[in-house]
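**Q** File follows, target07.cif with mmCIF, C-alpha atoms:
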data_input
loop_
_atom_site.label_atom_id
_atom_site.label_comp_id
_atom_site.auth_asym_id
_atom_site.auth_seq_id
_atom_site.Cartn_x
_atom_site.Cartn_y
_atom_site.Cartn_z
CA MET A 11 -42.57 -14.58 8.71
CA PRO A 12 -41.39 -11.60 10.75
CA PRO A 13 -43.98 -9.07 11.88
CA ARG A 14 -44.42 -6.06 9.64
CA LYS A 15 -44.44 -2.42 10.64
CA ARG A 16 -46.10 0.31 8.70
CA ALA A 17 -44.38 3.55 7.79
CA ARG A 18 -46.33 6.54 6.61
CA GLY A 19 -45.57 8.27 3.34
CA ASP A 20 -44.32 11.84 3.30
CA GLY A 21 -47.72 13.53 3.72
CA GLY A 22 -48.92 11.66 6.76
CA GLY A 23 -52.09 10.58 4.98
CA GLY A 24 -50.60 9.08 1.81
CA ALA A 25 -49.95 5.47 0.94
CA SER A 26 -48.18 3.42 3.57
CA VAL A 27 -45.15 1.24 2.91
CA ALA A 28 -44.71 -2.11 4.63
CA VAL A 29 -41.31 -2.41 6.32
CA ALA A 30 -40.15 -5.78 7.64
CA SER A 31 -38.38 -5.64 11.00
CA ARG A 32 -34.98 -7.27 11.45
CA THR A 33 -34.07 -6.79 7.81
CA ARG A 34 -30.35 -6.76 7.10
CA VAL A 35 -29.28 -3.81 5.01
CA GLU A 36 -25.89 -3.45 3.38
CA ILE A 37 -24.49 0.04 3.70
CA ALA A 38 -21.79 0.72 1.10
CA VAL A 39 -20.26 3.61 -0.70
CA GLY A 40 -22.42 4.42 -3.71
CA ASP A 41 -21.53 4.35 -7.35
CA GLU A 42 -22.13 7.99 -8.15
CA GLY A 43 -19.08 8.22 -10.41
CA THR A 44 -15.55 9.49 -10.08
CA ASP A 45 -14.92 12.44 -7.78
CA LEU A 46 -13.60 15.05 -10.20
CA ASP A 47 -11.53 16.82 -7.53
CA THR A 48 -9.61 13.75 -6.36
CA GLY A 49 -10.00 11.32 -9.27
CA ILE A 50 -11.02 8.65 -6.75
CA LEU A 51 -13.84 6.25 -7.47
CA PRO A 52 -16.48 6.32 -4.72
CA SER A 53 -15.94 2.65 -3.93
CA TRP A 54 -12.34 3.54 -3.02
CA ARG A 55 -13.12 6.79 -1.20
CA ALA A 56 -13.53 5.12 2.20
CA ALA A 57 -10.31 3.12 1.84
CA HIS A 58 -8.48 6.24 0.68
CA ALA A 59 -9.74 8.18 3.71
CA VAL A 60 -8.49 5.48 6.09
CA LEU A 61 -5.11 5.29 4.39
CA SER A 62 -4.80 9.09 4.39
CA LYS A 63 -5.48 9.14 8.11
CA LEU A 64 -2.90 6.38 8.71
CA SER A 65 -0.40 8.35 6.64
CA GLN A 66 -0.96 11.44 8.77
CA LEU A 67 -0.62 9.36 11.95
CA ARG A 68 2.70 8.00 10.66
CA LYS A 69 3.98 11.46 9.83
CA ASP A 70 2.96 12.65 13.31
CA GLY A 71 4.49 9.56 14.94
CA THR A 72 1.12 8.73 16.49
CA LEU A 73 0.08 5.15 17.26
CA THR A 74 2.97 3.66 15.31
CA ASP A 75 4.01 0.28 16.65
CA VAL A 76 7.23 -0.57 14.83
CA VAL A 77 10.45 1.24 13.93
CA VAL A 78 12.31 0.25 10.77
CA ARG A 79 16.04 0.97 10.81
CA THR A 80 17.60 1.19 7.37
CA ALA A 81 21.14 1.09 6.01
CA GLY A 82 23.03 3.94 7.62
CA GLY A 83 20.95 3.74 10.80
CA GLU A 84 18.06 6.06 9.89
CA GLU A 85 14.81 5.06 11.61
CA PHE A 86 11.24 5.22 10.36
CA ASN A 87 8.08 4.84 12.43
CA ALA A 88 5.34 2.76 10.85
CA HIS A 89 2.22 0.72 11.57
CA ARG A 90 2.64 -3.07 11.42
CA CYS A 91 -0.76 -3.51 9.82
CA VAL A 92 0.14 -1.20 6.92
CA LEU A 93 3.51 -2.90 6.39
CA VAL A 94 1.90 -6.34 6.47
CA ALA A 95 -0.90 -5.29 4.11
CA SER A 96 1.54 -3.92 1.55
CA CYS A 97 4.71 -6.02 1.86
CA ASP A 98 4.57 -9.82 2.07
CA TYR A 99 8.03 -9.79 3.68
CA PHE A 100 6.67 -8.04 6.77
CA GLY A 101 3.65 -10.32 6.88
CA ARG A 102 5.90 -13.37 7.00
CA LEU A 103 8.30 -11.72 9.44
CA PHE A 104 5.66 -10.67 11.97
CA ALA A 105 3.78 -13.99 11.74
CA SER A 106 6.91 -16.15 11.86
CA GLY A 107 7.10 -16.74 15.60
CA MET A 108 10.81 -15.91 15.44
CA CYS A 109 12.38 -13.41 17.83
CA ASP A 110 12.08 -10.63 15.21
CA ALA A 111 8.32 -11.12 15.07
CA ASP A 112 7.66 -9.50 18.45
CA THR A 113 10.29 -6.80 18.41
CA ASP A 114 9.48 -3.11 18.06
CA MET A 115 12.52 -2.65 15.80
CA VAL A 116 13.16 -4.17 12.38
CA THR A 117 16.51 -3.63 10.70
CA LEU A 118 16.90 -3.56 6.92
CA ASN A 119 20.65 -3.26 6.46
CA ASP A 120 20.45 -3.49 2.67
CA VAL A 121 17.79 -0.84 2.05
CA PRO A 122 19.00 2.78 1.88
CA ALA A 123 16.98 5.33 3.86
CA PRO A 124 15.79 7.38 0.85
CA VAL A 125 14.54 4.20 -0.83
CA PHE A 126 12.65 3.05 2.27
CA SER A 127 11.19 6.53 2.65
CA SER A 128 9.82 6.21 -0.90
CA ILE A 129 8.44 2.75 -0.08
CA LEU A 130 6.60 4.16 2.93
CA ASP A 131 5.22 7.02 0.84
CA PHE A 132 3.93 4.51 -1.69
CA VAL A 133 2.33 2.10 0.80
CA TYR A 134 0.71 4.88 2.82
CA ASP A 135 -0.20 7.34 0.05
CA GLY A 136 -0.27 5.22 -3.12
CA VAL A 137 2.36 7.39 -4.75
CA CYS A 138 6.04 8.20 -4.34
CA HIS A 139 8.43 10.47 -6.18
CA VAL A 140 11.94 9.27 -7.01
CA GLU A 141 14.73 10.33 -9.31
CA ASP A 142 15.21 8.21 -12.43
CA SER A 143 18.59 7.16 -11.05
CA ALA A 144 16.91 5.63 -7.96
CA LEU A 145 14.39 3.47 -9.85
CA THR A 146 16.56 0.36 -9.91
CA ASP A 147 17.28 0.67 -6.15
CA LEU A 148 13.56 1.06 -5.54
CA LEU A 149 12.82 -1.99 -7.68
CA GLU A 150 15.38 -4.09 -5.78
CA ALA A 151 13.94 -3.05 -2.42
CA ALA A 152 10.35 -3.61 -3.57
CA ALA A 153 11.29 -7.10 -4.78
CA ARG A 154 13.15 -7.89 -1.54
CA LEU A 155 10.24 -6.72 0.63
CA GLN A 156 7.72 -8.33 -1.72
CA ALA A 157 5.81 -5.07 -2.15
CA LEU A 158 4.08 -6.34 -5.27
CA LEU A 159 2.10 -3.23 -6.21
CA LEU A 160 5.17 -1.03 -5.85
CA GLN A 161 7.28 -3.56 -7.72
CA SER A 162 4.85 -3.58 -10.62
CA ALA A 163 4.59 0.22 -10.72
CA THR A 164 8.39 0.54 -10.60
CA GLU A 165 8.80 -1.98 -13.41
CA ARG A 166 6.43 0.11 -15.55
CA ALA A 167 8.37 3.28 -14.71
CA ILE A 168 11.66 1.61 -15.62
CA LYS A 169 10.25 0.42 -18.96
CA SER A 170 9.00 3.89 -19.82
CA LYS A 171 11.87 6.00 -18.40
CA LEU A 172 15.07 3.96 -18.42
CA LEU A 173 14.84 1.23 -21.00
CA CYS A 174 16.96 2.09 -24.03
CA ALA A 175 19.83 0.57 -25.99
CA GLU A 176 22.42 1.81 -23.49
CA THR A 177 20.67 0.37 -20.43
CA ALA A 178 19.09 -2.78 -21.86
CA ILE A 179 21.82 -5.24 -20.80
CA ARG A 180 22.11 -3.82 -17.27
CA LEU A 181 18.32 -3.78 -16.78
CA TRP A 182 17.97 -7.27 -18.26
CA ALA A 183 20.59 -8.56 -15.79
CA LEU A 184 18.77 -6.89 -12.89
CA ALA A 185 15.41 -8.28 -14.01
CA ASP A 186 16.92 -11.74 -14.44
CA ARG A 187 18.52 -11.62 -10.97
CA LEU A 188 15.26 -10.47 -9.35
CA ILE A 189 13.22 -12.98 -11.40
CA LEU A 190 10.99 -10.37 -13.03
CA PRO A 191 9.80 -12.00 -16.27
CA SER A 192 7.91 -8.97 -17.59
CA LEU A 193 10.99 -6.78 -17.33
CA VAL A 194 13.24 -9.51 -18.76
CA ALA A 195 10.92 -9.74 -21.76
CA ALA A 196 11.00 -5.98 -22.30
#
Let's see the structure in the file written out as structure tokens.

**A**
Amino acid sequence: MPPRKRARGDGGGGASVAVASRTRVEIAVGDEGTDLDTGILPSWRAAHAVLSKLSQLRKDGTLTDVVVRTAGGEEFNAHRCVLVASCDYFGRLFASGMCDADTDMVTLNDVPAPVFSSILDFVYDGVCHVEDSALTDLLEAAARLQALLLQSATERAIKSKLLCAETAIRLWALADRLILPSLVAA
């Protein structure tokens, strides 16, 4: 049994509390409820703060370690770790051992710049803003890059904003081609 130390209560002469030395303590964000200003649960506050800082670093071009060139030649600075954490495509690419794995430049010839910009906004900030007309392009790019959270969010947006009698066949064909069963079923 480890030796015990005594700590005095708050008055100096009150009851003492036995404190074991070498005790492991887990320090975690508390569960004091949702922050009303941000709408963020406390358990996510630390992760949100890190992601917000990474987003600012990306926007400043600080400590980025990869450049993604899109269709049309526009280039975007990013952090490999964020791309890997959010897009399975990049995880497989960077871990593949192929020549593209170690390069500082990745080219995505089939992803338009505005679409990739929206993808970066989503993976860094958790939100992106796109025109209704760009939702299907965003869905295709999210599926290609295997950005599963963005893909799911885009599918939901398409179901609520675009799905109607006039678009049903076109959206069904897209969902079938991309193998998106939930959108096919809609």

**Q** When you look at Glu85 (chain A) with a cut-off of 10 Å (counting all atoms listed in the file), what residues show up, excluding the ones that are within fewer than 2 positions of it in the same chain? I need them as a PyMOL selection string.

**A** chain A and resi 76-83+87-88+115-117+123+126-127

**Q** For the structure shown, which residues end up in the PyMOL selection byres ((chain A and resi 165) around 9)? Put them as a VMD selection string, please?

**A** chain A and resid 145 to 146 149 160 to 164 166 to 170 190 192 to 193

**Q** Place a sphere of radius 12 Å on (8.4, 5.6, 1.4) in the file coordinates and name every protein, DNA or RNA residue with an atom inside or on its surface, counting all atoms listed in the file; give the answer as a VMD selection string.

**A** chain A and resid 65 68 to 69 78 80 86 to 88 93 96 121 to 140 148 151 to 152 157 160

**Q** Could you please determine the separation between CA of Gln156 (chain A) and CA of Cys97 (chain A) in Å, to one decimal place?

**A**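 Separation of CA of Gln156 (chain A) and CA of Cys97 (chain A): 5.2 Å.
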
**Q** To one decimal in Å, tell me the separation between CA of Cys91 (chain A) and CA of Asn119 (chain A).

**A**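 Distance reported for this atom pair: 21.7 Å.
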
**Q** One decimal, in Å: what's the spacing between CA of Ala59 (chain A) and CA of Thr72 (chain A)?

**A** 16.8 Å
